[in-house]
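Participant: Okay, here's the structure, questions in a sec.
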Amino acid sequence: MQATHNTPALPPPRAEFLSGVKAELPLMIGVIPFGMIYGILAIAVGLPPSAAQAMSVIIFAGSSQFVSAQLFGLSVPAIINLFTIGVINLRHALYSASIAPYLQKLPNRWKLVLAYLLTDEAYAVTIIQYQQDGDNRNKHWFFLGSGLTLWTTWQLSTAAGIFLGATVPASWSLDFTLALIFIALVVPALKDRASLGAALTAGVAAVLLFNLPLKTGLLIASLIGIVVGLVIEGRS
Amino acid sequence: MIIWLTIIAAGLLTYATRLSSILLYGKFEMPILVERALRFVPVAVLTAIFFPELLIIQGDLMLSFRNPRLLAGLLAILVAWRTKNVMYTIVIGMLTLWLLQFIFN
């Protein structure tokens, strides 16, 4: 999208792919226990192992799988379960809109594959990569590398939870690595008052709206932050 | 059977959500306001995800210096700002969290 004045060489696909894998790896510290706990929970509420694993392949969205498995356990009507998953995953529409401009020139087969891989974790590292200076033409390989790394890890850790049942003690607090990685990605990206305002407002609003059902607080807080960013940008 | 139908429908729904703008972008005129707003999506969403991780402990707001996640998170913000390095941020953040959990217990 934007070239620097000394125009660095275009990184080849293989290099971008490996950078994507490398950028995604730290996130796996949090994803592995999360996937295992999901697998254990799904079996505990009575889902057949095949269905528990199929959710990881077909839905491929951790938080919604957790909630959905619990709703299966409670035998709520399927339409409510479906609606719940849809609402929890609505934030992916924001990710889609945010990353779409960078993927516009790709052939459709790329778009179809990358959309399937568009999770919180792959989006987080990929959008930061796209927003950095440098030649963007091969960064879809970075996206593919980070997305496949997460996909493989998610499937294997789900299977480990389903079939082995073992888990990591909660006292290790490995879930906290997700927050730390998001901090490491967001803080350097706060380069002006508008983005700082957007982030702070979204963060505070997310805390205040935390108890809204179906993770809608996250979505509303993000939208409030985006509006605040626009207002600050418009005034300066 | 109903479980499988629900899973497949949920998968299609989630996929459609993820594919929506990726497929439609450029097919019609995007309002300038939306175009400008997209820049704020990553910082807003990712912050909205991590703030509660620091401040909500077991379902309750804990705005206190006895909250190890808040302190470790604040230090991590400082490290991320100074170093721009993911690995340093994780290592220092986790070590701080473990140390504080050990002290506070």
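Here's how to read the names in the structure tokens: chain A, B, ... by the order shown, residue numbers from 1 in each chain, ligand numbers from 1 in the order shown.
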What are the closest atom pairs, with distances in Å to one decimal, for all residues of chain B lying within 8 Å of chain A? Consider only C-alpha atoms, order rows by chain and residue number, and present the result as JSON lines.
Facilitator:
{"residue": "B:Ile2", "atom": "CA", "partner": "A:Ala78", "partner_atom": "CA", "distance": 7.2}
{"residue": "B:Ile3", "atom": "CA", "partner": "A:Phe72", "partner_atom": "CA", "distance": 7.7}
{"residue": "B:Trp4", "atom": "CA", "partner": "A:Ala51", "partner_atom": "CA", "distance": 7.0}
{"residue": "B:Thr6", "atom": "CA", "partner": "A:Ala78", "partner_atom": "CA", "distance": 6.1}
{"residue": "B:Ile7", "atom": "CA", "partner": "A:Met55", "partner_atom": "CA", "distance": 6.2}
{"residue": "B:Ile8", "atom": "CA", "partner": "A:Ile58", "partner_atom": "CA", "distance": 6.6}
{"residue": "B:Ala9", "atom": "CA", "partner": "A:Leu82", "partner_atom": "CA", "distance": 7.3}
{"residue": "B:Ala10", "atom": "CA", "partner": "A:Leu82", "partner_atom": "CA", "distance": 5.7}
{"residue": "B:Gly11", "atom": "CA", "partner": "A:Ile59", "partner_atom": "CA", "distance": 4.1}
{"residue": "B:Leu12", "atom": "CA", "partner": "A:Ile59", "partner_atom": "CA", "distance": 7.7}
{"residue": "B:Leu13", "atom": "CA", "partner": "A:Gly86", "partner_atom": "CA", "distance": 6.5}
{"residue": "B:Thr14", "atom": "CA", "partner": "A:Asn89", "partner_atom": "CA", "distance": 6.3}
{"residue": "B:Tyr15", "atom": "CA", "partner": "A:Tyr116", "partner_atom": "CA", "distance": 6.0}
{"residue": "B:Thr17", "atom": "CA", "partner": "A:Ala93", "partner_atom": "CA", "distance": 5.2}
{"residue": "B:Arg18", "atom": "CA", "partner": "A:His92", "partner_atom": "CA", "distance": 5.3}
{"residue": "B:Leu19", "atom": "CA", "partner": "A:Ala115", "partner_atom": "CA", "distance": 5.0}
{"residue": "B:Ser20", "atom": "CA", "partner": "A:Ser96", "partner_atom": "CA", "distance": 6.6}
{"residue": "B:Ser21", "atom": "CA", "partner": "A:Ala97", "partner_atom": "CA", "distance": 4.9}
{"residue": "B:Ile22", "atom": "CA", "partner": "A:Ala100", "partner_atom": "CA", "distance": 4.3}
{"residue": "B:Leu23", "atom": "CA", "partner": "A:Lys111", "partner_atom": "CA", "distance": 6.8}
{"residue": "B:Tyr25", "atom": "CA", "partner": "A:Ala100", "partner_atom": "CA", "distance": 6.1}
{"residue": "B:Gly26", "atom": "CA", "partner": "A:Gln104", "partner_atom": "CA", "distance": 7.1}
{"residue": "B:Arg36", "atom": "CA", "partner": "A:Leu230", "partner_atom": "CA", "distance": 7.3}
{"residue": "B:Ala37", "atom": "CA", "partner": "A:Ile226", "partner_atom": "CA", "distance": 6.2}
{"residue": "B:Leu38", "atom": "CA", "partner": "A:Ser98", "partner_atom": "CA", "distance": 5.1}
{"residue": "B:Arg39", "atom": "CA", "partner": "A:Ser98", "partner_atom": "CA", "distance": 7.1}
{"residue": "B:Phe40", "atom": "CA", "partner": "A:Ile226", "partner_atom": "CA", "distance": 5.4}
{"residue": "B:Val41", "atom": "CA", "partner": "A:Ser98", "partner_atom": "CA", "distance": 6.4}
{"residue": "B:Pro42", "atom": "CA", "partner": "A:Ala124", "partner_atom": "CA", "distance": 7.2}
{"residue": "B:Val43", "atom": "CA", "partner": "A:Ala199", "partner_atom": "CA", "distance": 5.3}
{"residue": "B:Ala44", "atom": "CA", "partner": "A:Ala199", "partner_atom": "CA", "distance": 4.5}
{"residue": "B:Val45", "atom": "CA", "partner": "A:Ser222", "partner_atom": "CA", "distance": 5.0}
{"residue": "B:Leu46", "atom": "CA", "partner": "A:Phe182", "partner_atom": "CA", "distance": 6.1}
{"residue": "B:Thr47", "atom": "CA", "partner": "A:Gly203", "partner_atom": "CA", "distance": 5.0}
{"residue": "B:Ala48", "atom": "CA", "partner": "A:Gly203", "partner_atom": "CA", "distance": 4.2}
{"residue": "B:Ile49", "atom": "CA", "partner": "A:Leu218", "partner_atom": "CA", "distance": 6.8}
{"residue": "B:Phe50", "atom": "CA", "partner": "A:Ala179", "partner_atom": "CA", "distance": 4.8}
{"residue": "B:Phe51", "atom": "CA", "partner": "A:Gly203", "partner_atom": "CA", "distance": 5.1}
{"residue": "B:Pro52", "atom": "CA", "partner": "A:Val207", "partner_atom": "CA", "distance": 5.1}
{"residue": "B:Glu53", "atom": "CA", "partner": "A:Ala179", "partner_atom": "CA", "distance": 6.4}
{"residue": "B:Leu54", "atom": "CA", "partner": "A:Ala179", "partner_atom": "CA", "distance": 7.7}
{"residue": "B:Leu55", "atom": "CA", "partner": "A:Val207", "partner_atom": "CA", "distance": 7.2}
{"residue": "B:Ile56", "atom": "CA", "partner": "A:Val207", "partner_atom": "CA", "distance": 7.1}
{"residue": "B:Leu61", "atom": "CA", "partner": "A:Val207", "partner_atom": "CA", "distance": 7.7}
{"residue": "B:Arg69", "atom": "CA", "partner": "A:Phe176", "partner_atom": "CA", "distance": 7.9}
{"residue": "B:Gly73", "atom": "CA", "partner": "A:Leu180", "partner_atom": "CA", "distance": 6.9}
{"residue": "B:Ala76", "atom": "CA", "partner": "A:Leu180", "partner_atom": "CA", "distance": 6.7}
{"residue": "B:Ile77", "atom": "CA", "partner": "A:Ile183", "partner_atom": "CA", "distance": 6.1}
{"residue": "B:Ala80", "atom": "CA", "partner": "A:Ala184", "partner_atom": "CA", "distance": 4.9}
{"residue": "B:Trp81", "atom": "CA", "partner": "A:Pro188", "partner_atom": "CA", "distance": 5.7}
{"residue": "B:Lys84", "atom": "CA", "partner": "A:Pro188", "partner_atom": "CA", "distance": 5.9}
{"residue": "B:Asn85", "atom": "CA", "partner": "A:Ala184", "partner_atom": "CA", "distance": 6.6}
{"residue": "B:Val86", "atom": "CA", "partner": "A:Ala184", "partner_atom": "CA", "distance": 5.2}
{"residue": "B:Met87", "atom": "CA", "partner": "A:Pro26", "partner_atom": "CA", "distance": 7.3}
{"residue": "B:Thr89", "atom": "CA", "partner": "A:Ala184", "partner_atom": "CA", "distance": 6.2}
{"residue": "B:Ile90", "atom": "CA", "partner": "A:Leu180", "partner_atom": "CA", "distance": 5.6}
{"residue": "B:Gly93", "atom": "CA", "partner": "A:Leu180", "partner_atom": "CA", "distance": 6.7}
{"residue": "B:Met94", "atom": "CA", "partner": "A:Thr177", "partner_atom": "CA", "distance": 7.2}
{"residue": "B:Trp98", "atom": "CA", "partner": "A:Trp172", "partner_atom": "CA", "distance": 7.8}
Participant: Per DSSP on the backbone, filter chain B down to the residues in strand (DSSP E or B) and report them as a VMD selection string.
Facilitator: chain B and resid 56 to 57 60 to 61
Participant: Restricted to N, CA and C atoms, what would the selected residues look like written as a tab-separated table (two decimals), in the first residue's frame?
Facilitator:
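In the end it all went to result_18.tsv:
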chain	number	residue	atom	x	y	z
B	56	ILE	N	-10.77	-7.13	35.12
B	56	ILE	CA	-11.90	-7.92	35.62
B	56	ILE	C	-11.34	-9.23	36.16
B	57	ILE	N	-11.43	-9.42	37.46
B	57	ILE	CA	-10.91	-10.63	38.08
B	57	ILE	C	-12.10	-11.44	38.61
B	60	ASP	N	-15.39	-9.57	38.55
B	60	ASP	CA	-15.56	-8.27	39.21
B	60	ASP	C	-14.42	-7.32	38.84
B	61	LEU	N	-14.78	-6.02	38.75
B	61	LEU	CA	-13.77	-5.00	38.50
B	61	LEU	C	-12.82	-4.91	39.69
